[in-house]
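First comes the structure, then the notes that go with it.
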Amino acid sequence: MSEGGGRNWRLVRADTDAVPPSVRRFMARARQRRLQAAMPWAVALGVLVTVGALLWTVYATPVLGVREVRIVGTDTLTSEQVDTAASVRLSEPLARVDLDAIQERVEALPAVERAIVTRSWPSAVQVQVVERKPVAAVPVGKEFALIDGAGVAFRTVAKRPAGLPLAELAAPGPEDVNTRSALVVLAALTGELRDQLVSISVPAPAQVTLGLRKDRTIIWGDDTESQKKAQVATALLERKGDTIDVSAPTVVTIR
């Protein structure tokens with residue numbers, strides 16, 4: 001005690017042994033509960049930060065940008081022609097590349113029937129083209145327009161390609177009725193007829209005529225029953241006669 005009769009107080013840190021075991025266990029459980037309660041939030045925050053960083057890297061930086069444009073499937077077209085039509089911007093984030101727009105631009109090329117555009121991670125765009133296949137050559141002045149199986153004129157050449165029949169059509173095109181009749185007949189021909197075919201003339205839908213080698217002619221009529229007409233005409237190729245009329249395939253004439 002002090003001389004004035006007052007008391008002197010002194011703080012003394014209690015030894016841990018002075019804390020009852022039950023209190024220590026309670027405090028430990030409380031700390032564990034706080035940690036357990038905070039853990040999901042910490043994990044969620046970490047996931048959000050990671051996902052955000054990944055999205056930013058993929059969509060907003062050139063780290064995963066386009067470094068290569070692969071062109072496959074070309075035949076008459078060159079890779080440079082398709083690449084120019086595709087107009088893919090290099091270094092643009094690959095995830096943001098508009099594949100549909102690229103496909104539309106490539107399919108605008110007359111020789112392209114369809115295009116398939118895909119991402120090739122981590123840094124390439126692949127453009128696969130399917131070119132139109134000519135089935136006939138239509139004379140246009142001194143040149144020849146090549147048409148495919150849908151009647152689309154997609155290329156003009158100075159000389160008729162070997163193996164392609166000459167199609168005499170006034171207005172070739174997918175919407176032209178004479179063109180459609182010619183395509184139906186051409187698709188129905190047997191291999192033997194196709195080998196001997198020189199030309200097909202369609203001045204009107206019911207006036208289809210085939211010109212064969214050795215100046216032989218097949219009068220086809222309209223495009224109905226074309227498969228049957230093709231089989232009948234093929235069977236008669238060995239017969240003598242310059243003109244085979246299969247316009248009525250059940251009553252055939254040869255002269």
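Naming scheme: A, B, ... for chains in displayed order of the structure tokens; residues 1 onward per chain; ligands 1 onward as shown.
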
Show me, as a PDB file with N, CA and C atoms, in the first residue's frame, the residues that have an atom within 6 Å of A:Glu143 when counting only C-alpha atoms, minus same-chain residues fewer than 2 positions from it.
```pdb
ATOM      1  N   PRO A 139     -21.995 -21.682-123.822  1.00  0.00           N
ATOM      2  CA  PRO A 139     -21.319 -20.688-124.668  1.00  0.00           C
ATOM      3  C   PRO A 139     -21.867 -19.287-124.427  1.00  0.00           C
ATOM      4  N   VAL A 140     -20.954 -18.352-124.183  1.00  0.00           N
ATOM      5  CA  VAL A 140     -21.313 -16.937-124.006  1.00  0.00           C
ATOM      6  C   VAL A 140     -20.364 -16.137-124.886  1.00  0.00           C
ATOM      7  N   GLY A 141     -20.829 -15.804-126.087  1.00  0.00           N
ATOM      8  CA  GLY A 141     -19.936 -15.160-127.040  1.00  0.00           C
ATOM      9  C   GLY A 141     -18.833 -16.128-127.443  1.00  0.00           C
ATOM     10  N   VAL A 157     -14.466 -19.184-118.817  1.00  0.00           N
ATOM     11  CA  VAL A 157     -13.172 -19.619-119.361  1.00  0.00           C
ATOM     12  C   VAL A 157     -13.159 -19.405-120.868  1.00  0.00           C
ATOM     13  N   ALA A 158     -11.962 -19.349-121.423  1.00  0.00           N
ATOM     14  CA  ALA A 158     -11.833 -19.096-122.858  1.00  0.00           C
ATOM     15  C   ALA A 158     -12.055 -20.354-123.687  1.00  0.00           C
TER      16      ALA A 158
END
```

(message) Give me the residues near A:Arg160 as a PyMOL selection string, where near means some atom within 9 Å (using only C-alpha atoms) and where sequence neighbours in that chain fewer than 6 positions away do not count.
(response) chain A and resi 137-139+143-146+166

Writer output for current selection, N, CA and C atoms, as a JSON list (two decimals), in the first residue's frame:
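Output file again_22.json follows:
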```json
[["chain", "number", "residue", "atom", "x", "y", "z"],
["A", 137, "ALA", "N", -20.76, -26.55, -119.73],
["A", 137, "ALA", "CA", -20.21, -25.28, -120.17],
["A", 137, "ALA", "C", -21.20, -24.62, -121.13],
["A", 138, "VAL", "N", -21.59, -23.39, -120.81],
["A", 138, "VAL", "CA", -22.57, -22.66, -121.64],
["A", 138, "VAL", "C", -21.84, -21.63, -122.49],
["A", 139, "PRO", "N", -22.00, -21.68, -123.82],
["A", 139, "PRO", "CA", -21.32, -20.69, -124.67],
["A", 139, "PRO", "C", -21.87, -19.29, -124.43],
["A", 143, "GLU", "N", -16.58, -17.12, -125.25],
["A", 143, "GLU", "CA", -16.15, -17.76, -124.01],
["A", 143, "GLU", "C", -17.20, -18.76, -123.54],
["A", 144, "PHE", "N", -16.93, -19.38, -122.40],
["A", 144, "PHE", "CA", -17.82, -20.39, -121.86],
["A", 144, "PHE", "C", -18.03, -20.15, -120.36],
["A", 145, "ALA", "N", -19.29, -20.12, -119.97],
["A", 145, "ALA", "CA", -19.63, -20.00, -118.55],
["A", 145, "ALA", "C", -19.84, -21.39, -117.98],
["A", 146, "LEU", "N", -19.15, -21.69, -116.90],
["A", 146, "LEU", "CA", -19.29, -22.99, -116.25],
["A", 146, "LEU", "C", -20.42, -22.93, -115.24],
["A", 166, "LEU", "N", -21.36, -29.38, -123.68],
["A", 166, "LEU", "CA", -21.80, -28.03, -124.04],
["A", 166, "LEU", "C", -23.30, -27.94, -123.77]]
```

(request) Quote the spacing between atom CA of A:Ile244 and atom CA of A:Asn178 in Å to one decimal place. (result)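 Atom-to-atom, atom CA of A:Ile244 and atom CA of A:Asn178 are spaced 21.2 Å apart.
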
(request) Please provide as a ChimeraX atom specification all residues within 8 Å of stretch 225-230 of chain A, with the sequence filter that same-chain residues fewer than 3 positions apart are discarded (counting only C-alpha atoms). (result) /A:184-185,188-190,193,220,233-234,246-247,249

Write the selection just made, keeping C-alpha atoms, as a CSV table (one decimal), in the first residue's frame?
```csv
chain,number,residue,atom,x,y,z
A,184,VAL,CA,-32.3,-33.1,-114.2
A,185,VAL,CA,-31.4,-34.9,-117.4
A,188,ALA,CA,-29.9,-39.0,-114.6
A,189,LEU,CA,-27.4,-40.1,-117.3
A,190,THR,CA,-25.6,-43.4,-117.1
A,193,LEU,CA,-24.2,-41.9,-122.0
A,220,TRP,CA,-35.2,-36.8,-124.9
A,233,ALA,CA,-31.1,-45.0,-124.4
A,234,THR,CA,-28.0,-46.8,-123.0
A,246,VAL,CA,-36.8,-41.8,-126.1
A,247,SER,CA,-39.2,-39.0,-125.5
A,249,PRO,CA,-39.6,-44.5,-123.3
```

(request) Find the spatial neighbours of A:Lys240, counting only C-alpha atoms, within a cut-off of 12 Å - ignore same-chain residues fewer than 3 positions away - and output them as a VMD selection string. (result) chain A and resid 214 216 to 217 235 to 237 243 to 244 253 to 255

How would the residues just picked look written out with C-alpha atoms as a compact mmCIF listing (two decimals), in the first residue's frame?
```
# COMPACT_ATOMS: atom_id res chain seq x y z
CA LYS A 214 -20.18 -39.52 -134.15
CA ARG A 216 -25.62 -39.14 -133.05
CA THR A 217 -28.65 -37.53 -131.42
CA ALA A 235 -29.42 -50.14 -124.12
CA LEU A 236 -29.85 -48.79 -127.66
CA LEU A 237 -26.39 -47.29 -128.08
CA THR A 243 -31.23 -40.57 -133.99
CA ILE A 244 -32.69 -42.30 -130.96
CA THR A 253 -37.80 -45.15 -132.38
CA ILE A 254 -34.40 -45.30 -134.08
CA ARG A 255 -33.66 -43.85 -137.46
```

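Within 8 Å of A:Leu183, once only C-alpha atoms are used and residues closer than 6 positions along the same chain are dropped, the contacting residues are Gly149, Ala150 and Gly151 of chain A.
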
(request) For each of A:Ser87, A:Thr179, A:Thr209, A:Thr78, take the minimum atom-to-atom distance to A:Ile147, counting only C-alpha atoms, then give the residue where this is smallest. (result)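 The closest residue to A:Ile147 is A:Thr179.
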
(message) For stretch 88-103 of chain A, find every residue with an atom within 10 Å (counting only C-alpha atoms), except residues of its own chain fewer than 6 positions away, and show them as a PyMOL selection string.
(response) chain A and resi 55+57-69+114-129

(request) If you run DSSP over the backbone, which residues in stretch 87-129 of chain A end up strand (DSSP E or B)? Put them as a PyMOL selection string. (result) chain A and resi 93+112-120+124-129

(message) Residues within 10 Å of A:Val82, please, as a ChimeraX atom specification. Count only C-alpha atoms; anything in the same chain fewer than 6 positions from it doesn't count.
(response) /A:70-72,74,105-107,109,112,127-129

(request) From the DSSP assignment of the backbone, select every residue of stretch 75-167 of chain A that is alpha helix (DSSP H), and format the answer as JSON, numbers by chain. (result) {"A": [79, 80, 81, 82, 83, 84, 85, 86, 99, 100, 101, 102, 103, 104, 105, 106, 107]}

Expected file: the selected residues, N, CA and C atoms, as a PDB file, in the first residue's frame:
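Full text of out_1.pdb as output:
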```pdb
ATOM      1  N   SER A  79      -5.216 -19.818-102.394  1.00  0.00           N
ATOM      2  CA  SER A  79      -5.335 -19.492-100.967  1.00  0.00           C
ATOM      3  C   SER A  79      -5.369 -17.987-100.764  1.00  0.00           C
ATOM      4  N   GLU A  80      -4.638 -17.250-101.605  1.00  0.00           N
ATOM      5  CA  GLU A  80      -4.597 -15.792-101.480  1.00  0.00           C
ATOM      6  C   GLU A  80      -5.961 -15.175-101.766  1.00  0.00           C
ATOM      7  N   GLN A  81      -6.682 -15.729-102.753  1.00  0.00           N
ATOM      8  CA  GLN A  81      -8.020 -15.211-103.066  1.00  0.00           C
ATOM      9  C   GLN A  81      -8.974 -15.408-101.900  1.00  0.00           C
ATOM     10  N   VAL A  82      -8.929 -16.581-101.293  1.00  0.00           N
ATOM     11  CA  VAL A  82      -9.814 -16.862-100.152  1.00  0.00           C
ATOM     12  C   VAL A  82      -9.405 -16.028 -98.955  1.00  0.00           C
ATOM     13  N   ASP A  83      -8.102 -15.900 -98.726  1.00  0.00           N
ATOM     14  CA  ASP A  83      -7.609 -15.112 -97.594  1.00  0.00           C
ATOM     15  C   ASP A  83      -8.039 -13.659 -97.729  1.00  0.00           C
ATOM     16  N   THR A  84      -7.954 -13.123 -98.936  1.00  0.00           N
ATOM     17  CA  THR A  84      -8.373 -11.735 -99.152  1.00  0.00           C
ATOM     18  C   THR A  84      -9.863 -11.566 -98.895  1.00  0.00           C
ATOM     19  N   ALA A  85     -10.659 -12.523 -99.364  1.00  0.00           N
ATOM     20  CA  ALA A  85     -12.110 -12.444 -99.145  1.00  0.00           C
ATOM     21  C   ALA A  85     -12.460 -12.589 -97.667  1.00  0.00           C
ATOM     22  N   ALA A  86     -11.723 -13.448 -96.960  1.00  0.00           N
ATOM     23  CA  ALA A  86     -12.012 -13.683 -95.541  1.00  0.00           C
ATOM     24  C   ALA A  86     -11.755 -12.438 -94.707  1.00  0.00           C
ATOM     25  N   LEU A  99     -17.041 -15.469 -86.842  1.00  0.00           N
ATOM     26  CA  LEU A  99     -16.933 -16.555 -87.813  1.00  0.00           C
ATOM     27  C   LEU A  99     -18.008 -16.469 -88.890  1.00  0.00           C
ATOM     28  N   ASP A 100     -19.208 -16.065 -88.508  1.00  0.00           N
ATOM     29  CA  ASP A 100     -20.300 -15.976 -89.487  1.00  0.00           C
ATOM     30  C   ASP A 100     -20.007 -14.921 -90.554  1.00  0.00           C
ATOM     31  N   ALA A 101     -19.420 -13.812 -90.124  1.00  0.00           N
ATOM     32  CA  ALA A 101     -19.099 -12.749 -91.084  1.00  0.00           C
ATOM     33  C   ALA A 101     -18.025 -13.216 -92.067  1.00  0.00           C
ATOM     34  N   ILE A 102     -17.040 -13.946 -91.559  1.00  0.00           N
ATOM     35  CA  ILE A 102     -15.997 -14.483 -92.433  1.00  0.00           C
ATOM     36  C   ILE A 102     -16.606 -15.463 -93.433  1.00  0.00           C
ATOM     37  N   GLN A 103     -17.473 -16.343 -92.936  1.00  0.00           N
ATOM     38  CA  GLN A 103     -18.128 -17.315 -93.817  1.00  0.00           C
ATOM     39  C   GLN A 103     -18.918 -16.606 -94.916  1.00  0.00           C
ATOM     40  N   GLU A 104     -19.636 -15.567 -94.556  1.00  0.00           N
ATOM     41  CA  GLU A 104     -20.441 -14.832 -95.540  1.00  0.00           C
ATOM     42  C   GLU A 104     -19.558 -14.198 -96.606  1.00  0.00           C
ATOM     43  N   ARG A 105     -18.429 -13.647 -96.180  1.00  0.00           N
ATOM     44  CA  ARG A 105     -17.541 -12.999 -97.152  1.00  0.00           C
ATOM     45  C   ARG A 105     -16.917 -14.025 -98.106  1.00  0.00           C
ATOM     46  N   VAL A 106     -16.526 -15.176 -97.578  1.00  0.00           N
ATOM     47  CA  VAL A 106     -15.912 -16.200 -98.428  1.00  0.00           C
ATOM     48  C   VAL A 106     -16.938 -16.792 -99.379  1.00  0.00           C
ATOM     49  N   GLU A 107     -18.150 -17.022 -98.896  1.00  0.00           N
ATOM     50  CA  GLU A 107     -19.185 -17.601 -99.752  1.00  0.00           C
ATOM     51  C   GLU A 107     -19.673 -16.623-100.816  1.00  0.00           C
TER      52      GLU A 107
END
```
